[in-house]
>>> print(open('run.cif').read())   # mmCIF, C-alpha atoms
data_entry
loop_
_atom_site.label_atom_id
_atom_site.label_comp_id
_atom_site.auth_asym_id
_atom_site.auth_seq_id
_atom_site.Cartn_x
_atom_site.Cartn_y
_atom_site.Cartn_z
CA MET A 10 29.24 32.08 -24.00
CA ASN A 11 25.62 33.23 -23.79
CA ARG A 12 23.38 32.01 -26.55
CA THR A 13 19.67 31.45 -26.92
CA ILE A 14 18.36 27.88 -26.95
CA ARG A 15 14.85 26.50 -27.48
CA THR A 16 13.63 23.39 -25.68
CA ILE A 17 11.05 20.84 -26.79
CA LEU A 18 8.53 22.49 -24.44
CA GLY A 19 8.86 25.80 -26.27
CA VAL A 20 10.67 27.47 -23.37
CA THR A 21 13.30 29.96 -24.50
CA ALA A 22 16.26 30.44 -22.17
CA THR A 23 19.70 31.97 -22.18
CA ALA A 24 22.37 29.32 -21.82
CA GLY A 25 24.85 29.89 -19.03
CA ILE A 26 27.00 28.07 -16.55
CA VAL A 27 25.21 25.05 -15.14
CA VAL A 28 25.90 23.99 -11.55
CA LEU A 29 24.28 20.85 -10.10
CA GLY A 30 22.05 20.68 -13.17
CA VAL A 31 20.56 24.15 -12.52
CA PRO A 32 20.94 26.92 -15.12
CA ALA A 33 22.67 30.15 -14.13
CA LEU A 34 20.60 32.60 -12.08
CA THR A 35 20.63 35.03 -15.00
CA THR A 36 18.52 32.63 -17.05
CA THR A 37 15.18 33.98 -18.15
CA ALA A 38 12.35 31.98 -19.64
CA ASN A 39 8.91 32.40 -21.11
CA ALA A 40 6.80 29.49 -19.90
CA SER A 41 3.37 28.82 -21.32
CA THR A 42 0.74 26.23 -20.55
CA THR A 43 -1.88 24.52 -22.66
CA SER A 44 -5.28 23.73 -21.16
CA ALA A 45 -7.32 20.60 -21.87
CA ALA A 46 -9.30 22.66 -24.40
CA GLY A 47 -6.08 23.39 -26.29
CA VAL A 48 -5.95 27.06 -25.31
CA THR A 49 -2.43 28.32 -24.68
CA GLY A 50 -1.83 30.84 -21.90
CA THR A 51 0.86 32.10 -19.60
CA ALA A 52 1.33 30.18 -16.36
CA PRO A 53 1.08 32.24 -13.16
CA ALA A 54 4.49 33.49 -12.10
CA SER A 55 6.14 31.77 -9.16
CA PHE A 56 6.74 33.84 -6.05
CA LEU A 57 8.61 33.66 -2.74
CA PHE A 58 8.12 35.07 0.76
CA ASP A 59 10.11 34.73 3.96
CA TYR A 60 9.57 34.63 7.71
CA THR A 61 11.30 33.52 10.91
CA PHE A 62 10.63 30.03 12.29
CA ASN A 63 12.55 28.16 15.02
CA GLY A 64 15.17 30.93 15.03
CA HIS A 65 15.91 30.41 11.32
CA LEU A 66 15.09 32.12 8.05
CA LYS A 67 12.28 30.22 6.35
CA VAL A 68 11.59 30.75 2.64
CA ALA A 69 8.33 29.66 1.05
CA GLY A 70 6.64 30.17 -2.28
CA GLY A 71 3.95 29.14 -4.69
CA ASN A 72 2.92 28.61 -8.31
CA PHE A 73 5.52 25.89 -8.88
CA THR A 74 4.74 22.58 -10.59
CA VAL A 75 3.01 20.19 -8.15
CA GLY A 76 5.00 17.01 -7.57
CA ARG A 77 8.13 18.33 -9.26
CA ARG A 78 11.50 19.46 -7.92
CA VAL A 79 12.21 23.05 -6.93
CA TYR A 80 15.74 24.28 -6.18
CA LEU A 81 15.86 26.99 -3.52
CA VAL A 82 19.02 29.06 -3.19
CA VAL A 83 19.86 31.91 -0.81
CA LYS A 84 22.81 34.03 -1.91
CA TYR A 85 24.67 37.04 -0.62
CA ASN A 86 24.48 40.05 -2.94
CA THR A 87 28.09 39.22 -3.84
CA GLY A 88 26.90 35.95 -5.40
CA GLN A 89 28.26 33.63 -2.68
CA THR A 90 25.77 30.88 -1.78
CA ALA A 91 24.66 30.85 1.85
CA PHE A 92 22.13 27.98 1.56
CA SER A 93 20.62 25.74 -1.11
CA LYS A 94 18.27 22.77 -1.19
CA TRP A 95 16.12 20.74 -3.57
CA GLU A 96 12.50 20.37 -2.43
CA THR A 97 9.36 18.82 -3.97
CA ALA A 98 6.45 21.21 -4.62
CA ARG A 99 3.21 20.09 -2.97
CA THR A 100 -0.34 21.39 -2.78
CA HIS A 101 -1.22 23.67 0.13
CA SER A 102 -4.56 24.91 1.42
CA ILE A 103 -3.55 28.58 1.32
CA THR A 104 -0.64 29.01 -1.10
CA PRO A 105 -1.58 28.66 -4.82
CA GLY A 106 -0.05 26.12 -7.20
CA GLY A 107 2.74 23.84 -6.07
CA THR A 108 4.28 25.18 -2.88
CA VAL A 109 7.56 24.84 -1.04
CA TYR A 110 8.28 25.70 2.59
CA VAL A 111 12.00 25.44 3.38
CA GLU A 112 13.59 26.08 6.77
CA THR A 113 17.14 27.23 6.09
CA THR A 114 20.13 26.96 8.41
CA ILE A 115 20.44 30.78 8.41
CA ALA A 116 19.80 32.41 11.80
CA ALA A 117 16.86 34.84 12.05
CA PRO A 118 15.65 37.40 12.83
CA CYS A 119 18.62 39.39 11.66
CA ALA A 120 19.50 43.01 12.44
CA GLY A 121 20.70 45.11 9.56
CA GLY A 122 19.68 45.39 5.96
CA LYS A 123 18.91 42.94 3.21
CA ASN A 124 22.37 41.68 2.24
CA GLY A 125 21.20 38.81 0.06
CA TYR A 126 18.36 37.28 -1.88
CA ALA A 127 16.49 34.02 -2.39
CA ARG A 128 15.40 32.48 -5.69
CA ALA A 129 13.72 29.23 -6.63
CA TYR A 130 14.08 27.22 -9.83
CA ASP A 131 11.13 25.10 -11.06
CA ASP A 132 12.71 22.04 -12.68
CA ALA A 133 9.56 21.25 -14.70
CA THR A 134 9.13 24.66 -16.35
CA ARG A 135 12.83 25.56 -16.26
CA THR A 136 12.04 28.99 -14.84
CA TRP A 137 13.40 31.02 -11.93
CA SER A 138 11.25 32.95 -9.48
CA PRO A 139 11.92 36.65 -9.04
CA ARG A 140 14.57 37.57 -6.46
CA LEU A 141 13.36 37.98 -2.89
CA PRO A 142 15.63 40.32 -0.87
CA VAL A 143 16.53 38.72 2.50
CA ALA A 144 18.77 39.45 5.47
CA ILE A 145 21.47 36.79 5.92
CA CYS A 146 22.82 36.67 9.48
CA ARG A 147 26.42 35.69 9.97
CA ARG A 148 27.45 34.38 13.37
CA ILE A 149 30.42 36.01 15.03
CA ASP A 150 31.77 33.86 17.85
#
>>> encode(input="run.cif", output="structure tokens")
Amino acid sequence: MNRTIRTILGVTATAGIVVLGVPALTTTANASTTSAAGVTGTAPASFLFDYTFNGHLKVAGGNFTVGRRVYLVVKYNTGQTAFSKWETARTHSITPGGTVYVETTIAAPCAGGKNGYARAYDDATRTWSPRLPVAICRRID
């Protein structure tokens, strides 16, 4: 059921299963911006990074649309969702563009390899960030 669609904004994406109003993670898009002078260019690509804070995995990123919603999801490599949350991108003194800083409920630091990944969806541009490999700890009680 994959087909190519074109939006009013000129963003081309592959249609897929939509969950909670977010296109499938396989969706790709070519976003472009137009400056006040009318010059069209490619918007800087969004990015993510992670670190440990308060004993949890924290995922942050930049180059999202300021004041707009960003959907952050952390998934196991199997595709099972470990954490997800909508956040509003805000300006930050160090991180470029609209930024998000999300403390997940996933314990960290975590021994072992990267058994999952994080991605973020910019609702304004309808684009996904690249995958960020992460270690997802699973409590054994």
>>> closest_residue(input="run.cif", among="A:Thr114, A:Thr104, A:Asn72, A:Asn124", to="Tyr85 in chain A", atoms="all atoms listed in the file")
A:Asn124
>>> resolve_selection(input="run.cif", expression="the PyMOL selection byres ((chain A and resi 100) around 12)", output="short mmCIF file (atom, residue, chain, number, x, y, z; two decimals) with C-alpha atoms, in the frame of the given file")
data_model
loop_
_atom_site.label_atom_id
_atom_site.label_comp_id
_atom_site.auth_asym_id
_atom_site.auth_seq_id
_atom_site.Cartn_x
_atom_site.Cartn_y
_atom_site.Cartn_z
CA GLY A 70 6.64 30.17 -2.28
CA GLY A 71 3.95 29.14 -4.69
CA ASN A 72 2.92 28.61 -8.31
CA PHE A 73 5.52 25.89 -8.88
CA THR A 74 4.74 22.58 -10.59
CA VAL A 75 3.01 20.19 -8.15
CA GLY A 76 5.00 17.01 -7.57
CA ARG A 77 8.13 18.33 -9.26
CA THR A 97 9.36 18.82 -3.97
CA ALA A 98 6.45 21.21 -4.62
CA ARG A 99 3.21 20.09 -2.97
CA HIS A 101 -1.22 23.67 0.13
CA SER A 102 -4.56 24.91 1.42
CA ILE A 103 -3.55 28.58 1.32
CA THR A 104 -0.64 29.01 -1.10
CA PRO A 105 -1.58 28.66 -4.82
CA GLY A 106 -0.05 26.12 -7.20
CA GLY A 107 2.74 23.84 -6.07
CA THR A 108 4.28 25.18 -2.88
CA VAL A 109 7.56 24.84 -1.04
CA TYR A 110 8.28 25.70 2.59
#
>>> resolve_selection(input="run.cif", expression="the PyMOL selection byres ((chain A and resi 95) around 12)", output="VMD selection string")
chain A and resid 29 to 31 77 to 82 92 to 94 96 to 98 109 to 113 128 to 132
>>> closest_residue(input="run.cif", among="A:Gly88, A:Gly125, A:Pro118, A:Pro139", to="Lys67 in chain A", atoms="all atoms listed in the file")
A:Pro118
>>> closest_residue(input="run.cif", among="A:Ala54, A:Ala127, A:Ala69, A:Cys119", to="Ile145 in chain A", atoms="all atoms listed in the file")
A:Cys119
>>> residues_around(input="run.cif", residues="Leu66 in chain A", least_positions_apart="6", cutoff="7 Å", atoms="all atoms listed in the file", output="list in words")
Asp59, Tyr60, Glu112, Thr113, Ile115, Ala116 and Ala117 of chain A
>>> atom_distance(input="run.cif", atom1="CA of Pro53 in chain A", atom2="CA of Thr90 in chain A")
27.2 Å
>>> atom_distance(input="run.cif", atom1="CA of Cys146 in chain A", atom2="CA of Phe58 in chain A")
17.2 Å
>>> atom_distance(input="run.cif", atom1="CA of Ser138 in chain A", atom2="CA of Ser55 in chain A")
5.3 Å
>>> closest_residue(input="run.cif", among="A:Ala91, A:Val83, A:Ile149, A:Ala133", to="Leu57 in chain A", atoms="all atoms listed in the file")
A:Val83
